[in-house]
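As provided, upload.cif (mmCIF, C-alpha atoms) reads as follows.
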data_query
#
loop_
_atom_site.label_atom_id
_atom_site.label_comp_id
_atom_site.auth_asym_id
_atom_site.auth_seq_id
_atom_site.Cartn_x
_atom_site.Cartn_y
_atom_site.Cartn_z
CA MET A 1 22.16 -4.53 0.94
CA THR A 2 23.25 -1.04 0.03
CA GLN A 3 26.19 0.58 -1.64
CA GLN A 4 27.57 1.15 1.85
CA GLY A 5 27.49 -2.61 2.50
CA VAL A 6 24.78 -2.49 5.18
CA ARG A 7 22.78 -5.70 5.45
CA TRP A 8 19.03 -5.87 5.85
CA THR A 9 17.51 -7.39 8.94
CA ALA A 10 15.27 -10.45 8.81
CA ASP A 11 12.21 -8.26 9.50
CA GLN A 12 13.06 -6.02 6.55
CA VAL A 13 13.41 -9.04 4.29
CA LEU A 14 10.12 -10.59 5.41
CA ALA A 15 8.37 -7.23 4.90
CA LEU A 16 8.83 -7.84 1.16
CA ALA A 17 6.72 -11.01 1.26
CA PRO A 18 3.54 -10.72 -0.85
CA ASP A 19 1.44 -12.72 1.65
CA PRO A 20 1.72 -14.64 4.94
CA ALA A 21 2.14 -17.98 3.15
CA SER A 22 5.18 -16.68 1.28
CA ARG A 23 6.57 -15.25 4.50
CA THR A 24 6.32 -18.66 6.18
CA ALA A 25 7.72 -20.57 3.21
CA GLY A 26 10.58 -18.09 2.78
CA SER A 27 11.50 -18.41 6.46
CA ARG A 28 11.89 -22.16 6.02
CA LEU A 29 14.36 -21.57 3.18
CA GLY A 30 16.44 -19.11 5.20
CA ALA A 31 18.91 -21.83 6.21
CA ALA A 32 21.92 -23.17 4.30
CA GLY A 33 20.51 -26.70 3.85
CA PRO A 34 18.80 -26.45 0.43
CA TRP A 35 21.25 -23.87 -0.99
CA SER A 36 24.40 -24.23 -3.05
CA GLY A 37 26.49 -21.92 -5.22
CA THR A 38 25.48 -18.88 -3.16
CA GLY A 39 27.34 -15.61 -3.40
CA SER A 40 27.10 -11.84 -3.24
CA SER A 41 28.83 -8.90 -4.85
CA GLY A 42 29.76 -5.50 -3.50
CA GLU A 43 27.35 -3.98 -6.01
CA GLY A 44 24.29 -5.27 -4.21
CA THR A 45 23.56 -8.59 -5.88
CA VAL A 46 22.87 -11.96 -4.20
CA TRP A 47 22.50 -15.27 -6.01
CA GLY A 48 22.20 -18.97 -5.30
CA LEU A 49 20.85 -22.38 -6.35
CA CYS A 50 17.99 -23.86 -4.31
CA GLU A 51 16.92 -27.50 -4.34
CA GLY A 52 13.33 -27.99 -5.47
CA GLY A 53 11.04 -30.80 -6.45
CA GLY A 54 12.90 -31.60 -9.68
CA SER A 55 16.41 -32.69 -10.58
CA THR A 56 17.52 -29.16 -11.49
CA PRO A 57 17.87 -26.57 -8.70
CA TYR A 58 16.12 -23.23 -9.02
CA ARG A 59 18.33 -20.32 -10.03
CA THR A 60 17.61 -17.31 -7.83
CA VAL A 61 19.13 -13.85 -8.07
CA VAL A 62 18.21 -10.64 -6.23
CA ASP A 63 19.32 -7.14 -7.24
CA ILE A 64 18.90 -4.66 -4.41
CA ALA A 65 21.49 -1.97 -5.07
CA ASP A 66 20.05 -0.72 -8.35
CA ALA A 67 18.56 2.73 -7.69
CA SER A 68 15.54 1.80 -9.80
CA GLY A 69 14.46 -0.50 -6.99
CA PRO A 70 14.89 -4.03 -5.62
CA ALA A 71 14.04 -6.86 -8.00
CA CYS A 72 14.49 -10.60 -8.19
CA HIS A 73 14.40 -13.43 -10.69
CA CYS A 74 13.90 -17.14 -10.06
CA SER A 75 13.49 -20.08 -12.40
CA CYS A 76 10.73 -21.55 -10.20
CA PRO A 77 7.14 -21.52 -11.58
CA SER A 78 5.78 -19.25 -8.81
CA ARG A 79 3.89 -16.14 -9.93
CA LYS A 80 4.48 -14.35 -6.64
CA PHE A 81 6.94 -11.52 -6.30
CA PRO A 82 9.23 -12.02 -4.57
CA CYS A 83 8.94 -15.80 -4.45
CA LYS A 84 9.81 -17.89 -1.40
CA HIS A 85 13.25 -18.71 -2.84
CA ALA A 86 14.19 -15.04 -3.15
CA LEU A 87 13.01 -14.42 0.42
CA GLY A 88 14.94 -17.44 1.70
CA LEU A 89 18.10 -16.35 -0.12
CA LEU A 90 17.92 -12.86 1.39
CA LEU A 91 17.30 -14.30 4.84
CA LEU A 92 20.32 -16.56 4.43
CA TRP A 93 22.45 -13.59 3.37
CA SER A 94 21.11 -11.29 6.12
CA GLY A 95 22.33 -13.75 8.76
CA GLY A 96 25.91 -12.65 8.03
CA ASP A 97 27.41 -16.00 9.10
CA GLY A 98 29.41 -16.62 5.92
CA ALA A 99 26.77 -18.76 4.23
CA VAL A 100 26.73 -16.26 1.31
CA PRO A 101 30.36 -15.39 0.55
CA ARG A 102 31.60 -12.54 -1.62
CA GLY A 103 32.47 -13.48 -5.18
CA GLU A 104 31.83 -12.98 -8.88
CA ALA A 105 28.31 -13.57 -10.16
CA PRO A 106 27.85 -16.63 -12.42
CA GLU A 107 27.02 -16.00 -16.05
CA TRP A 108 23.27 -16.69 -15.68
CA ALA A 109 22.96 -14.16 -12.85
CA GLU A 110 25.14 -11.55 -14.56
CA GLN A 111 23.09 -11.77 -17.77
CA TRP A 112 19.83 -11.11 -15.93
CA ILE A 113 21.27 -8.21 -13.93
CA ALA A 114 22.75 -6.55 -17.01
CA GLY A 115 19.55 -7.04 -18.99
CA ARG A 116 17.39 -5.60 -16.24
CA ARG A 117 19.48 -2.50 -15.81
CA THR A 118 19.60 -1.96 -19.56
CA ARG A 119 15.80 -2.15 -19.77
CA THR A 120 15.45 0.24 -16.84
CA GLU A 121 17.71 2.77 -18.54
CA GLU A 122 15.82 2.41 -21.83
CA LYS A 123 12.50 3.07 -20.09
CA ARG A 124 13.93 6.15 -18.38
CA THR A 125 15.30 7.48 -21.65
CA ALA A 126 12.02 6.81 -23.48
CA GLY A 127 10.07 8.60 -20.73
CA THR A 128 12.17 11.75 -21.02
CA SER A 129 12.45 11.86 -24.82
CA GLY A 130 8.98 10.65 -25.83
CA SER A 131 6.62 13.18 -27.36
CA SER A 132 3.14 13.02 -28.78
CA GLY A 133 1.94 14.33 -32.10
CA SER A 134 -0.05 17.52 -32.50
CA ALA A 135 -3.29 15.55 -32.66
CA GLY A 136 -2.59 13.85 -29.30
CA PRO A 137 -3.87 16.52 -26.89
CA GLU A 138 -7.00 17.22 -28.93
CA ALA A 139 -7.85 13.52 -29.22
CA ALA A 140 -7.27 13.08 -25.48
CA ARG A 141 -9.58 16.01 -24.76
CA ARG A 142 -12.37 14.50 -26.84
CA ARG A 143 -11.96 11.13 -25.14
CA ALA A 144 -12.13 12.80 -21.74
CA GLU A 145 -15.31 14.64 -22.70
CA ARG A 146 -16.98 11.44 -23.92
CA ARG A 147 -16.07 9.63 -20.74
CA ALA A 148 -17.34 12.51 -18.59
CA GLU A 149 -20.67 12.29 -20.40
CA ARG A 150 -20.91 8.56 -19.66
CA VAL A 151 -20.03 9.09 -16.01
CA THR A 152 -22.66 11.83 -15.75
CA ALA A 153 -25.31 9.51 -17.18
CA GLY A 154 -24.23 6.84 -14.69
CA ALA A 155 -24.38 9.28 -11.75
CA VAL A 156 -27.89 10.36 -12.74
CA GLU A 157 -29.01 6.73 -12.94
CA LEU A 158 -27.39 5.99 -9.56
CA GLU A 159 -29.21 8.90 -7.95
CA GLN A 160 -32.51 7.55 -9.22
CA ARG A 161 -31.73 4.05 -7.94
CA LEU A 162 -30.81 5.38 -4.50
CA ALA A 163 -34.04 7.39 -4.37
CA ASP A 164 -36.05 4.30 -5.28
CA LEU A 165 -34.13 2.28 -2.69
CA LEU A 166 -34.88 4.67 0.17
CA ARG A 167 -38.47 5.14 -0.95
CA GLY A 168 -39.05 1.38 -0.73
CA GLY A 169 -37.07 1.02 2.52
CA LEU A 170 -33.74 -0.61 3.31
CA ALA A 171 -35.43 -3.78 4.55
CA ALA A 172 -36.85 -4.44 1.09
CA ALA A 173 -33.42 -3.90 -0.43
CA GLU A 174 -31.88 -6.49 1.90
CA GLN A 175 -34.46 -9.05 0.84
CA SER A 176 -33.36 -8.57 -2.77
CA GLY A 177 -29.91 -9.92 -1.88
CA TYR A 178 -26.51 -9.15 -3.36
CA GLY A 179 -27.80 -9.36 -6.93
CA LEU A 180 -29.42 -5.93 -6.65
CA TRP A 181 -26.09 -4.30 -5.81
CA GLU A 182 -24.08 -6.27 -8.35
CA GLU A 183 -26.46 -5.27 -11.13
CA THR A 184 -26.17 -1.61 -10.11
CA ALA A 185 -22.37 -1.92 -9.93
CA ALA A 186 -22.32 -3.38 -13.44
CA ARG A 187 -24.25 -0.35 -14.67
CA MET A 188 -21.59 1.93 -13.14
CA VAL A 189 -18.85 -0.07 -14.86
CA ASP A 190 -20.68 0.46 -18.15
CA ALA A 191 -20.69 4.17 -17.32
CA GLN A 192 -16.87 4.05 -16.91
CA ALA A 193 -17.14 5.03 -13.24
CA PRO A 194 -15.21 2.25 -11.43
CA GLY A 195 -15.11 4.26 -8.21
CA LEU A 196 -18.90 4.35 -8.03
CA ALA A 197 -19.04 0.64 -8.89
CA ALA A 198 -16.66 -0.22 -6.06
CA ARG A 199 -18.70 1.69 -3.49
CA VAL A 200 -21.89 0.00 -4.68
CA ARG A 201 -20.28 -3.41 -4.23
CA GLU A 202 -19.28 -2.39 -0.70
CA LEU A 203 -22.98 -1.80 0.01
CA GLY A 204 -23.73 -5.36 -1.06
CA ALA A 205 -20.94 -6.67 1.18
CA LEU A 206 -22.62 -5.18 4.28
CA ALA A 207 -25.28 -7.90 4.31
CA GLY A 208 -25.06 -10.03 7.44
CA THR A 209 -22.27 -7.96 9.03
CA GLY A 210 -23.86 -7.52 12.44
CA PRO A 211 -26.57 -5.68 14.36
CA ASP A 212 -25.31 -2.25 13.24
CA ARG A 213 -25.74 -3.18 9.59
CA PRO A 214 -28.82 -0.97 8.90
CA VAL A 215 -27.01 2.09 10.28
CA ARG A 216 -23.89 1.37 8.24
CA LEU A 217 -25.99 0.74 5.13
CA LEU A 218 -27.69 4.11 5.54
CA GLU A 219 -24.35 5.85 6.12
CA GLU A 220 -22.80 4.31 3.01
CA CYS A 221 -25.86 5.18 0.92
CA ALA A 222 -25.52 8.79 2.09
CA LEU A 223 -21.83 8.90 1.15
CA LEU A 224 -22.59 7.39 -2.25
CA HIS A 225 -25.32 9.98 -2.78
CA LEU A 226 -22.89 12.73 -1.78
CA LEU A 227 -20.33 11.47 -4.30
CA GLY A 228 -22.88 11.35 -7.09
CA ARG A 229 -24.09 14.87 -6.33
CA GLY A 230 -20.49 16.04 -6.10
CA TRP A 231 -19.83 14.78 -9.61
CA LEU A 232 -22.97 16.33 -11.05
CA ARG A 233 -22.06 19.72 -9.52
CA ARG A 234 -18.29 19.48 -9.78
CA GLU A 235 -18.01 22.80 -11.63
CA ARG A 236 -19.24 24.57 -8.48
CA LEU A 237 -16.69 22.95 -6.18
CA PRO A 238 -13.26 24.30 -5.21
CA GLU A 239 -10.61 22.84 -7.47
CA GLY A 240 -9.07 20.68 -4.77
CA LEU A 241 -12.39 19.11 -3.80
CA ALA A 242 -13.38 18.72 -7.45
CA ALA A 243 -10.14 16.80 -8.07
CA THR A 244 -10.96 14.56 -5.10
CA VAL A 245 -14.42 13.86 -6.54
CA ARG A 246 -12.94 12.94 -9.91
CA SER A 247 -10.52 10.59 -8.21
CA ARG A 248 -13.22 8.96 -6.06
CA VAL A 249 -15.46 8.45 -9.11
CA GLY A 250 -12.59 6.61 -10.75
CA LEU A 251 -11.23 8.97 -13.38
CA PRO A 252 -7.51 8.54 -14.02
CA ALA A 253 -5.16 11.32 -12.96
CA SER A 254 -1.48 12.05 -13.37
CA ALA A 255 0.94 12.89 -10.60
CA ASP A 256 1.57 16.39 -11.93
CA GLY A 257 2.73 17.96 -8.67
CA PRO A 258 6.30 19.25 -8.35
CA ALA A 259 8.90 16.59 -7.64
CA ILE A 260 9.96 16.49 -3.99
CA ARG A 261 13.36 14.99 -3.34
CA ASP A 262 13.81 13.68 0.17
CA ARG A 263 15.08 10.75 2.17
CA TRP A 264 11.80 8.86 2.48
CA LEU A 265 11.51 6.59 5.51
CA VAL A 266 9.58 3.41 4.61
CA LEU A 267 6.95 3.14 7.35
CA ALA A 268 4.76 0.25 6.23
CA GLN A 269 3.80 -1.98 3.33
CA TYR A 270 0.78 -4.24 3.03
CA ASP A 271 -1.53 -5.77 0.41
CA THR A 272 -5.29 -6.01 0.07
CA ALA A 273 -6.94 -8.20 -2.54
CA ASP A 274 -10.29 -8.99 -4.10
CA SER A 275 -11.34 -11.21 -6.97
CA ARG A 276 -10.09 -8.70 -9.52
CA LEU A 277 -7.03 -6.92 -8.16
CA THR A 278 -4.23 -6.93 -5.59
CA THR A 279 -3.48 -3.47 -4.20
CA ARG A 280 -0.23 -2.71 -2.40
CA ARG A 281 0.00 0.30 -0.08
CA ILE A 282 3.40 1.68 0.93
CA TRP A 283 3.58 4.52 3.46
CA LEU A 284 6.59 6.85 3.43
CA TYR A 285 7.72 9.75 5.60
CA GLY A 286 9.98 12.54 4.29
CA THR A 287 12.74 12.98 6.87
CA ASP A 288 13.42 16.54 5.65
CA SER A 289 10.01 17.68 4.37
CA GLY A 290 8.00 16.08 7.19
CA ARG A 291 5.45 14.93 4.59
CA THR A 292 3.69 11.55 4.74
CA ALA A 293 3.14 9.94 1.34
CA LEU A 294 1.25 6.91 0.04
CA LEU A 295 2.42 4.81 -2.90
CA LEU A 296 -0.16 2.58 -4.58
CA SER A 297 0.70 -0.25 -6.95
CA TYR A 298 -1.45 -2.97 -8.44
CA GLY A 299 -1.24 -6.55 -9.62
CA ALA A 300 -3.69 -8.88 -11.28
CA ALA A 301 -5.77 -11.11 -9.00
CA GLY A 302 -3.51 -13.62 -7.30
CA ARG A 303 -0.31 -11.80 -8.26
CA ALA A 304 1.61 -9.37 -6.07
CA PRO A 305 2.52 -5.93 -7.46
CA GLU A 306 6.13 -5.50 -8.48
CA LEU A 307 6.91 -2.41 -6.39
CA SER A 308 8.27 -3.53 -3.03
CA LEU A 309 10.31 -1.64 -0.42
CA PRO A 310 11.80 -2.85 2.87
CA VAL A 311 10.22 -1.36 5.99
CA GLY A 312 12.66 0.59 8.17
CA PRO A 313 15.35 2.10 5.89
CA ALA A 314 15.11 5.46 4.10
CA LEU A 315 15.05 5.89 0.32
CA ASP A 316 16.67 8.86 -1.44
CA ALA A 317 14.12 9.56 -4.18
CA GLU A 318 11.77 12.04 -5.81
CA LEU A 319 7.99 11.85 -5.31
CA SER A 320 5.25 13.77 -7.12
CA ALA A 321 1.77 14.39 -5.71
CA TYR A 322 -1.53 13.45 -7.31
CA PRO A 323 -4.25 16.13 -7.49
CA GLY A 324 -6.88 16.40 -4.78
CA ALA A 325 -7.32 18.32 -1.55
CA GLY A 326 -5.38 16.70 1.27
CA GLN A 327 -4.58 13.57 -0.75
CA PRO A 328 -1.48 11.71 0.51
CA ARG A 329 -1.04 9.66 -2.67
CA MET A 330 2.16 10.33 -4.60
CA ALA A 331 4.07 8.70 -7.45
CA LEU A 332 7.60 7.39 -7.09
CA GLY A 333 9.99 9.06 -9.48
CA GLU A 334 13.74 8.82 -9.81
CA ARG A 335 15.62 6.96 -7.10
CA PHE A 336 19.12 8.16 -6.40
CA ALA A 337 20.35 5.42 -4.07
CA PRO A 338 19.16 2.14 -2.52
CA PRO A 339 17.41 2.24 0.89
CA THR A 340 19.79 2.92 3.78
CA PRO A 341 19.29 2.55 7.56
CA THR A 342 18.23 5.58 9.58
CA ASP A 343 17.35 6.38 13.18
CA VAL A 344 14.91 9.13 12.17
CA ARG A 345 11.33 8.62 13.35
CA PRO A 346 8.23 10.61 12.44
CA PRO A 347 6.99 12.90 15.22
CA GLY A 348 4.17 11.44 17.29
CA THR A 349 0.92 12.80 18.66
CA THR A 350 -1.78 11.86 21.16
CA THR A 351 -4.82 9.70 20.51
CA ALA A 352 -7.15 12.68 20.91
CA ARG A 353 -5.21 14.70 18.37
CA ALA A 354 -5.20 11.72 15.97
CA VAL A 355 -9.01 11.60 16.01
CA ALA A 356 -9.14 15.37 15.48
CA ARG A 357 -6.78 15.06 12.54
CA TYR A 358 -9.10 12.54 10.90
CA GLY A 359 -12.06 14.86 11.43
CA GLU A 360 -10.17 17.73 9.82
CA ALA A 361 -9.25 15.56 6.83
CA LEU A 362 -12.93 14.72 6.22
CA ARG A 363 -13.55 18.35 5.29
CA ASP A 364 -11.37 17.90 2.22
CA ASP A 365 -12.41 14.31 1.49
CA PRO A 366 -15.71 13.16 3.05
CA TRP A 367 -15.16 9.63 1.67
CA LEU A 368 -11.83 9.14 3.45
CA ASP A 369 -11.64 5.91 5.45
CA SER A 370 -8.55 6.83 7.47
CA VAL A 371 -5.51 9.08 7.75
CA PRO A 372 -1.87 8.20 8.48
CA VAL A 373 -0.94 9.00 12.08
CA THR A 374 2.02 8.33 14.37
CA LEU A 375 1.06 7.95 18.01
CA ASP A 376 3.70 8.67 20.66
CA ARG A 377 3.92 7.11 24.11
CA VAL A 378 0.96 4.77 23.84
CA ILE A 379 0.49 1.41 25.54
CA PRO A 380 -1.52 -1.49 24.03
CA ALA A 381 -4.09 -2.68 26.54
CA PRO A 382 -7.14 -5.01 26.52
CA ASP A 383 -10.53 -3.35 26.25
CA GLY A 384 -13.29 -5.89 26.86
CA ASP A 385 -13.36 -8.13 23.81
CA GLY A 386 -10.97 -5.85 21.92
CA TRP A 387 -7.78 -3.85 22.30
CA GLN A 388 -6.92 -0.19 22.54
CA LEU A 389 -3.90 2.10 22.54
CA ALA A 390 -3.91 4.15 25.73
CA ASP A 391 -1.97 7.39 26.17
CA ALA A 392 0.71 6.96 28.81
CA ASP A 393 0.48 10.63 29.86
CA GLU A 394 -3.24 11.37 29.37
CA ASP A 395 -6.54 9.79 30.29
CA ALA A 396 -7.46 8.89 26.71
CA ALA A 397 -7.35 5.87 24.43
CA LEU A 398 -8.07 4.83 20.85
CA PRO A 399 -9.65 1.44 20.03
CA LEU A 400 -8.06 -0.83 17.48
CA THR A 401 -10.05 -1.69 14.37
CA PRO A 402 -11.55 -5.19 14.03
CA ALA A 403 -9.04 -5.90 11.26
CA ALA A 404 -6.11 -5.01 13.53
CA ARG A 405 -7.37 -7.27 16.32
CA SER A 406 -7.26 -10.27 14.00
CA ARG A 407 -3.70 -9.73 12.74
CA PRO A 408 -0.61 -11.46 14.18
CA GLY A 409 1.03 -8.04 14.32
CA LEU A 410 -1.07 -7.19 17.38
CA TRP A 411 0.82 -9.72 19.47
CA ARG A 412 4.15 -8.44 18.19
CA LEU A 413 3.08 -4.95 19.24
CA VAL A 414 2.09 -6.18 22.70
CA ALA A 415 5.35 -8.10 23.09
CA LEU A 416 7.53 -5.17 22.01
CA SER A 417 5.70 -2.85 24.39
CA GLY A 418 5.74 -5.15 27.40
CA GLY A 419 3.53 -2.62 29.17
CA ALA A 420 5.87 0.30 28.38
CA PRO A 421 5.09 3.24 26.07
CA VAL A 422 5.97 2.86 22.39
CA ARG A 423 5.67 4.94 19.24
CA VAL A 424 3.27 3.45 16.68
CA PHE A 425 2.51 4.38 13.08
CA GLY A 426 -0.82 3.39 11.55
CA GLU A 427 -4.12 4.47 10.04
CA CYS A 428 -6.76 6.27 12.14
CA GLY A 429 -10.35 6.24 10.88
CA HIS A 430 -14.00 5.84 11.78
CA GLN A 431 -13.50 2.24 12.93
CA GLY A 432 -10.50 2.98 15.13
CA PHE A 433 -6.74 2.64 14.70
CA THR A 434 -4.83 0.05 12.66
CA PRO A 435 -1.16 -0.21 13.78
CA LEU A 436 1.30 -0.85 10.94
CA ALA A 437 4.75 -0.25 12.49
CA VAL A 438 6.21 0.25 15.95
CA TRP A 439 9.39 1.70 17.46
CA PRO A 440 10.35 0.47 20.94
CA GLU A 441 12.08 2.77 23.41
CA GLY A 442 15.68 3.51 22.44
CA PRO A 443 17.37 3.60 19.01
CA GLY A 444 16.40 1.31 16.19
CA GLU A 445 14.39 1.04 12.99
CA ALA A 446 10.68 0.49 12.63
CA VAL A 447 9.35 -3.01 13.25
CA PRO A 448 6.57 -3.92 10.75
CA LEU A 449 3.25 -5.13 12.13
CA CYS A 450 1.60 -6.22 8.87
#

Could you rewrite the structure in this file as C-alpha cells?
Amino acid sequence: MTQQGVRWTADQVLALAPDPASRTAGSRLGAAGPWSGTGSSGEGTVWGLCEGGGSTPYRTVVDIADASGPACHCSCPSRKFPCKHALGLLLLWSGGDGAVPRGEAPEWAEQWIAGRRTRTEEKRTAGTSGSSGSAGPEAARRRAERRAERVTAGAVELEQRLADLLRGGLAAAEQSGYGLWEETAARMVDAQAPGLAARVRELGALAGTGPDRPVRLLEECALLHLLGRGWLRRERLPEGLAATVRSRVGLPASADGPAIRDRWLVLAQYDTADSRLTTRRIWLYGTDSGRTALLLSYGAAGRAPELSLPVGPALDAELSAYPGAGQPRMALGERFAPPTPTDVRPPGTTTARAVARYGEALRDDPWLDSVPVTLDRVIPAPDGDGWQLADADEDAALPLTPAARSRPGLWRLVALSGGAPVRVFGECGHQGFTPLAVWPEGPGEAVPLC
C-alpha cells in the first residue's frame, strides 16, 4: 500500500517473510476464513482479527505508508517479524476482492500506529539534536587504540598458528577435528577481532565437504594469512584498502559517506543464519544514480531483523556509504515516501563481463565472496548435475552455485523463462552465480527468487 493507493502483489508480500515456514503459514492465512473485523485506511494501514488456538482472536495491524518503513504488530506469541498473521492479512488485502474494506481503524490499532509514529519522530529528533561532551571524542580515541592493540596481538598469534599449521601439514590439522579451529576462533574473539574469528570458524566448517576440501582449506588459509598481514601493515596500505581490512577484521565503522537521495529499486532480500545471529541482506539499485547498494541488518539467533522491504517497488530515500574500497554496503537514512511500483530495471551485462567484474572487484577486496550483477538475455539450462545461465547471443555460460541449485527459486526462474531469455539479478562469485530476482520479457516488476 502506498500513499497513491497502489496495492502490493502477493509476491511482494511474501518477500517480507523471515523464512520459508512463515511464508507457507502466511499463505494459508491469506483467505477470509479465519479473519474478522478487517479494514484498511487511505493512510496505509491494514488491520484485522485472526482466529487462533485460544478463545480470543489475535489482533494484527500493519503500517506500510509510514515513510520510516513498514512495520506490524500482532498479539500472537510469535517472535518472528513479520509473523504469519501479518503476512496473511496483507495477502488477504492484496487480493483486492473486498475482503478488507475501507474504514476507520479500531482504537487498539489506532493507539499502536500513533505510538509507533511518535517514537519514530522522537528517535529522529534525538539523532539530530544529540551531542556528546568534550571528553567523548578523546575517550573514544583511547578505546579505539586499546582495541587496535588487542587486535594486533590476536593477528600476531594467528600468524604463528597458521605457520605451525602449515609446518605440520594440513592432514594433521584435519585429524585434530573442529576443536582446533574453535579454540583458535575463541582466541580471536578475546582479541576483539570477530572478523578473524568468523573466518577461522569457516575453516573448521570445511571438514568433510568433498574431494576438493584440501584445496579449499589451503585457499582459505592463504586468505586468512593475507588478512592478518594486511592488518599488521595497514599503515602502508591505500586508505580505501586499509578501510576494507579494518572492516574484514571486524572493527565497527560508521556510514560517513555523503547522503545519496534516489529512488532505490528493491532488487532482493534474503536471510542467512547461524547459531548466534540472523543476517538480512537487501540489495537496492538507484534508478537515477545507477548505484547498487547493500543494506545489512541483524537479529538475535532465531529472530528475524526488523528492517524489511518488499521486492519490486522503488523507495525514495537517502543512503550513506560505509568506508572501504569498492564496498557496496550503505546505511538507510531518511525515507521520504513508501515504496512505489516502477518499471525501471537495472542495466544487464553478459556472463563473461560478470566474471570480469568480479575479478576487478577482488583488487579492492581480496576477501570478497561475490559481487552484485544483473545478467541480460540469459537462459537457464541444465549442465550435467547442475544448472547454468547461458547467454542467448553469445557462446558463453555461467554455472549456478550449489546453494542456488538447492533453492525453490531455481524452478520459478526456469518456469518464468520457459526457454526464452530473461534478465536476472544475483551475486556472481568464485562458486558461480546465485540468482535472486528475475524480470520476464515485457513490462513488470522483479519477481523474487529467494

**Item:** Result set of the PyMOL selection byres ((chain A and resi 303) around 7) on the coordinates above, as a count of residues only
**Value:** 9

**Request:** Would you kindly translate the PyMOL selection byres ((chain A and resi 418) around 12) into the concrete residues it picks from this file, as a list in words?
**Result:**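 This file, filtered by the PyMOL selection byres ((chain A and resi 418) around 12), leaves Val378, Ile379, Pro380, Ala381, Trp411, Arg412, Leu413, Val414, Ala415, Leu416, Ser417, Gly419, Ala420, Pro421, Val422, Pro440 and Glu441 of chain A.
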
**Prompt:** Using the chain letters and numbers from the file, which residues does the PyMOL selection byres ((chain A and resi 312-324) around 7) grab, as a PyMOL selection string?
**Reply:** chain A and resi 12+240-241+243-244+254-267+310-311+325-327+329-342+445-446

Suppose we keep C-alpha atoms; can you now write the selection as a CSV table (one decimal), in the coordinates of the input?
chain,number,residue,atom,x,y,z
A,12,GLN,CA,13.1,-6.0,6.6
A,240,GLY,CA,-9.1,20.7,-4.8
A,241,LEU,CA,-12.4,19.1,-3.8
A,243,ALA,CA,-10.1,16.8,-8.1
A,244,THR,CA,-11.0,14.6,-5.1
A,254,SER,CA,-1.5,12.0,-13.4
A,255,ALA,CA,0.9,12.9,-10.6
A,256,ASP,CA,1.6,16.4,-11.9
A,257,GLY,CA,2.7,18.0,-8.7
A,258,PRO,CA,6.3,19.2,-8.4
A,259,ALA,CA,8.9,16.6,-7.6
A,260,ILE,CA,10.0,16.5,-4.0
A,261,ARG,CA,13.4,15.0,-3.3
A,262,ASP,CA,13.8,13.7,0.2
A,263,ARG,CA,15.1,10.8,2.2
A,264,TRP,CA,11.8,8.9,2.5
A,265,LEU,CA,11.5,6.6,5.5
A,266,VAL,CA,9.6,3.4,4.6
A,267,LEU,CA,7.0,3.1,7.4
A,310,PRO,CA,11.8,-2.8,2.9
A,311,VAL,CA,10.2,-1.4,6.0
A,325,ALA,CA,-7.3,18.3,-1.6
A,326,GLY,CA,-5.4,16.7,1.3
A,327,GLN,CA,-4.6,13.6,-0.8
A,329,ARG,CA,-1.0,9.7,-2.7
A,330,MET,CA,2.2,10.3,-4.6
A,331,ALA,CA,4.1,8.7,-7.4
A,332,LEU,CA,7.6,7.4,-7.1
A,333,GLY,CA,10.0,9.1,-9.5
A,334,GLU,CA,13.7,8.8,-9.8
A,335,ARG,CA,15.6,7.0,-7.1
A,336,PHE,CA,19.1,8.2,-6.4
A,337,ALA,CA,20.4,5.4,-4.1
A,338,PRO,CA,19.2,2.1,-2.5
A,339,PRO,CA,17.4,2.2,0.9
A,340,THR,CA,19.8,2.9,3.8
A,341,PRO,CA,19.3,2.6,7.6
A,342,THR,CA,18.2,5.6,9.6
A,445,GLU,CA,14.4,1.0,13.0
A,446,ALA,CA,10.7,0.5,12.6

**Request:** May I have the protein, DNA and RNA residues with any atom at most 7 Å from the point (5.3, -2.4, -3.3), counting only C-alpha atoms, written as an MDAnalysis selection string?
**Result:** chainID A and resid 269 280:282 297 305:309

**Request:** Rank A:Gly444, A:Pro20, A:Gly384, A:Pro366 by their smallest atom-to-atom distance to His225 of chain A, using only C-alpha atoms, and report the top residue only.
**Result:**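 Closest candidate: A:Pro366.
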
**Prompt:** For Pro77 of chain A, which residue among A:Gln431, A:Tyr58, A:Leu49, A:Val156 is the nearest when counting all atoms listed in the file?
**Reply:**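 Of A:Gln431, A:Tyr58, A:Leu49, A:Val156, the one nearest Pro77 of chain A, counting all atoms listed in the file, is A:Tyr58.
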
**Request:** Find, counting all atoms listed in the file, the residue in A:Trp367, A:Cys74, A:Asp288, A:Ala105 that gets nearest to Leu196 of chain A.
**Result:** A:Trp367
